Amino acid sequence: MAERPLTLMAVHAHPDDEATSTGGVLARYAAEGVTTVLVTCTDGRCGDGPGGVKPGDEGHDPAAVVAMRQAELEASCATLNVTHLETLGYADSGMMGWPTNDLPGAFWTTPLAEAAARLADLIRQYQPDVIVTYDENGFYGHPDHIQAHRITMAAVEQTDVPAKVYWTTVPRTAFAEFGRIMKELGVEWAEPDAAEPQLGLPDDEITTWVDTSKYGAQKFAALATHASQTENIFFLQLGQERFTELMGMETFLRVRDRTGAPTPEDDLFAGLR
């Protein structure tokens, strides 16, 4: 009997999140023969409509946005060679404080036990060796990212399946360069408020640095499939070469491990192969 291939599961909040923070690892590990599973928790209905029309504005049709973003998500998965796409289908909650946070069916207000049980069923089905999701703050405080973190960690506890669990992060040293580039592109960029929680981690606290630069073209192309969300894909203004220079190293915090692999590591599957 053939040995079961290693399996990576990435749990994300919205269509397009998979490309931004994990497009590189999804492409890299697929190329290495790893089974890749993407779980997208919400339908993206609070994203932009055609022509950039915003939620709540005249002409924004949530149902049409859902259909459009589903098609973009499927195109992204094809570009990254994702093996399995699973969509939980909860309603996008919008940014923290939006009225959509509290609408019936919003992911943010879905009982944790309910959503975690659905994800736990997928974990049992696919038996991932490694799971990737967000930290407790959803990296930047988006309610759906926070909820994705919560249901993932609850589902991991219920199933005890993955050998390793990671949270996406960014090294703090990268933020100064990031801010400089955003200003250069003419994107509005506010310096972090010292009173607010800092994004990312100090470099020496990051456990895992995965070089995905070889797959920069795929990551760039996957992000480009989400063409309707122009504000979310401003990285494309960099051009593929510069984009890869900036986004070609994906970094993570390892929060669960049964392998004993030493850190820092350069492979999500260190200790498993």
# chains A, B, ... in the order shown; residues from 1 in each chain; ligands from 1
>>> closest_atom_pairs(of="segment 44-99 of chain A", to="segment 122-130 of chain A", cutoff="12 Å", atoms="only C-alpha atoms", output="Markdown table")
| residue | atom | partner | partner_atom | distance |
| --- | --- | --- | --- | --- |
| A:Thr83 | CA | A:Tyr126 | CA | 11.0 |
| A:His84 | CA | A:Tyr126 | CA | 9.4 |
| A:Leu85 | CA | A:Leu122 | CA | 10.9 |
| A:Glu86 | CA | A:Leu122 | CA | 8.4 |
| A:Thr87 | CA | A:Leu122 | CA | 10.6 |
| A:Leu88 | CA | A:Leu122 | CA | 10.2 |
>>> residues_around(residues="Pro171 of chain A", least_positions_apart="2", cutoff="7 Å", atoms="only C-alpha atoms", output="JSON list (two decimals) with N, CA and C atoms, in the first residue's frame")
[["chain", "number", "residue", "atom", "x", "y", "z"],
["A", 169, "THR", "N", 2.39, 35.16, 10.35],
["A", 169, "THR", "CA", 2.91, 36.40, 10.95],
["A", 169, "THR", "C", 3.82, 37.10, 9.96],
["A", 173, "THR", "N", 10.74, 43.76, 11.34],
["A", 173, "THR", "CA", 11.71, 44.51, 10.53],
["A", 173, "THR", "C", 11.20, 44.76, 9.12],
["A", 174, "ALA", "N", 10.20, 43.97, 8.70],
["A", 174, "ALA", "CA", 9.68, 44.13, 7.34],
["A", 174, "ALA", "C", 8.72, 45.30, 7.23],
["A", 200, "GLY", "N", 2.56, 41.64, 13.71],
["A", 200, "GLY", "CA", 3.73, 40.82, 13.49],
["A", 200, "GLY", "C", 4.48, 40.51, 14.76],
["A", 201, "LEU", "N", 5.71, 40.01, 14.57],
["A", 201, "LEU", "CA", 6.53, 39.59, 15.70],
["A", 201, "LEU", "C", 7.97, 40.07, 15.52],
["A", 202, "PRO", "N", 8.70, 40.26, 16.63],
["A", 202, "PRO", "CA", 10.14, 40.47, 16.50],
["A", 202, "PRO", "C", 10.76, 39.29, 15.75],
["A", 203, "ASP", "N", 11.75, 39.58, 14.96],
["A", 203, "ASP", "CA", 12.34, 38.53, 14.11],
["A", 203, "ASP", "C", 12.77, 37.31, 14.91]]
>>> select_by_dssp(residues="segment 48-101 of chain A", states="helix (DSSP H, G or I)", output="JSON, numbers by chain")
{"A": [50, 51, 52, 62, 63, 64, 65, 66, 67, 68, 69, 70, 71, 72, 73, 74, 75, 76, 77, 78, 79, 80, 99, 100, 101]}
>>> write_last_selection(atoms="C-alpha atoms", output="PDB file, in the first residue's frame")
ATOM      1  CA  PRO A  50     -18.110  45.435  -9.798  1.00  0.00           C
ATOM      2  CA  GLY A  51     -16.503  48.798 -10.383  1.00  0.00           C
ATOM      3  CA  GLY A  52     -15.346  48.975  -6.777  1.00  0.00           C
ATOM      4  CA  PRO A  62     -24.129  40.930  -1.916  1.00  0.00           C
ATOM      5  CA  ALA A  63     -25.367  37.850  -3.784  1.00  0.00           C
ATOM      6  CA  ALA A  64     -23.573  38.924  -6.949  1.00  0.00           C
ATOM      7  CA  VAL A  65     -20.406  39.639  -4.956  1.00  0.00           C
ATOM      8  CA  VAL A  66     -20.562  36.160  -3.410  1.00  0.00           C
ATOM      9  CA  ALA A  67     -20.806  34.503  -6.832  1.00  0.00           C
ATOM     10  CA  MET A  68     -18.014  36.626  -8.257  1.00  0.00           C
ATOM     11  CA  ARG A  69     -15.680  35.971  -5.357  1.00  0.00           C
ATOM     12  CA  GLN A  70     -16.376  32.229  -5.411  1.00  0.00           C
ATOM     13  CA  ALA A  71     -15.298  32.128  -9.050  1.00  0.00           C
ATOM     14  CA  GLU A  72     -12.159  34.123  -8.193  1.00  0.00           C
ATOM     15  CA  LEU A  73     -11.385  31.779  -5.309  1.00  0.00           C
ATOM     16  CA  GLU A  74     -11.678  28.728  -7.536  1.00  0.00           C
ATOM     17  CA  ALA A  75      -9.360  30.361 -10.080  1.00  0.00           C
ATOM     18  CA  SER A  76      -6.839  31.119  -7.339  1.00  0.00           C
ATOM     19  CA  CYS A  77      -6.924  27.517  -6.146  1.00  0.00           C
ATOM     20  CA  ALA A  78      -6.325  26.303  -9.707  1.00  0.00           C
ATOM     21  CA  THR A  79      -3.358  28.657 -10.002  1.00  0.00           C
ATOM     22  CA  LEU A  80      -1.860  27.422  -6.724  1.00  0.00           C
ATOM     23  CA  PRO A  99     -23.497  46.638  11.239  1.00  0.00           C
ATOM     24  CA  THR A 100     -22.889  43.433   9.266  1.00  0.00           C
ATOM     25  CA  ASN A 101     -21.060  41.997  12.302  1.00  0.00           C
TER      26      ASN A 101
END
>>> select_by_dssp(residues="segment 78-273 of chain A", states="strand (DSSP E)", output="MDAnalysis selection string")
chainID A and resid 84:90 130:133 164:169 208:211 249:257
>>> closest_residue(among="A:Ser93, A:Gln229, A:Gln158, A:Thr208", to="Cys46 of chain A", atoms="only C-alpha atoms")
A:Ser93
>>> closest_residue(among="A:Ala148, A:Leu236, A:Ala154, A:Ala227", to="Thr109 of chain A", atoms="only C-alpha atoms")
A:Ala148
>>> closest_residue(among="A:Glu18, A:Glu245, A:Glu265, A:Glu177", to="Ala222 of chain A", atoms="only C-alpha atoms")
A:Glu18
>>> residues_around(residues="Thr212 of chain A", least_positions_apart="3", cutoff="8 Å", atoms="only C-alpha atoms", output="VMD selection string")
chain A and resid 24 to 25 28 215 to 216 248 to 250
>>> atom_distance(atom1="atom CA of Val170 of chain A", atom2="atom CA of Phe235 of chain A")
15.3 Å
>>> atom_distance(atom1="atom CA of Gly33 of chain A", atom2="atom CA of Ala217 of chain A")
18.8 Å
>>> closest_atom_pairs(of="segment 18-125 of chain A", to="segment 133-143 of chain A", cutoff="7 Å", atoms="only C-alpha atoms", output="JSON lines")
{"residue": "A:Ser93", "atom": "CA", "partner": "A:Pro143", "partner_atom": "CA", "distance": 7.0}
{"residue": "A:Met95", "atom": "CA", "partner": "A:His142", "partner_atom": "CA", "distance": 5.8}
{"residue": "A:Met96", "atom": "CA", "partner": "A:Pro143", "partner_atom": "CA", "distance": 5.7}
{"residue": "A:Trp108", "atom": "CA", "partner": "A:Pro143", "partner_atom": "CA", "distance": 5.9}
>>> atom_distance(atom1="atom CA of Met9 of chain A", atom2="atom CA of Val132 of chain A")
6.3 Å
>>> residues_around(residues="Leu253 of chain A", least_positions_apart="4", cutoff="6 Å", atoms="only C-alpha atoms", output="count of residues only")
4
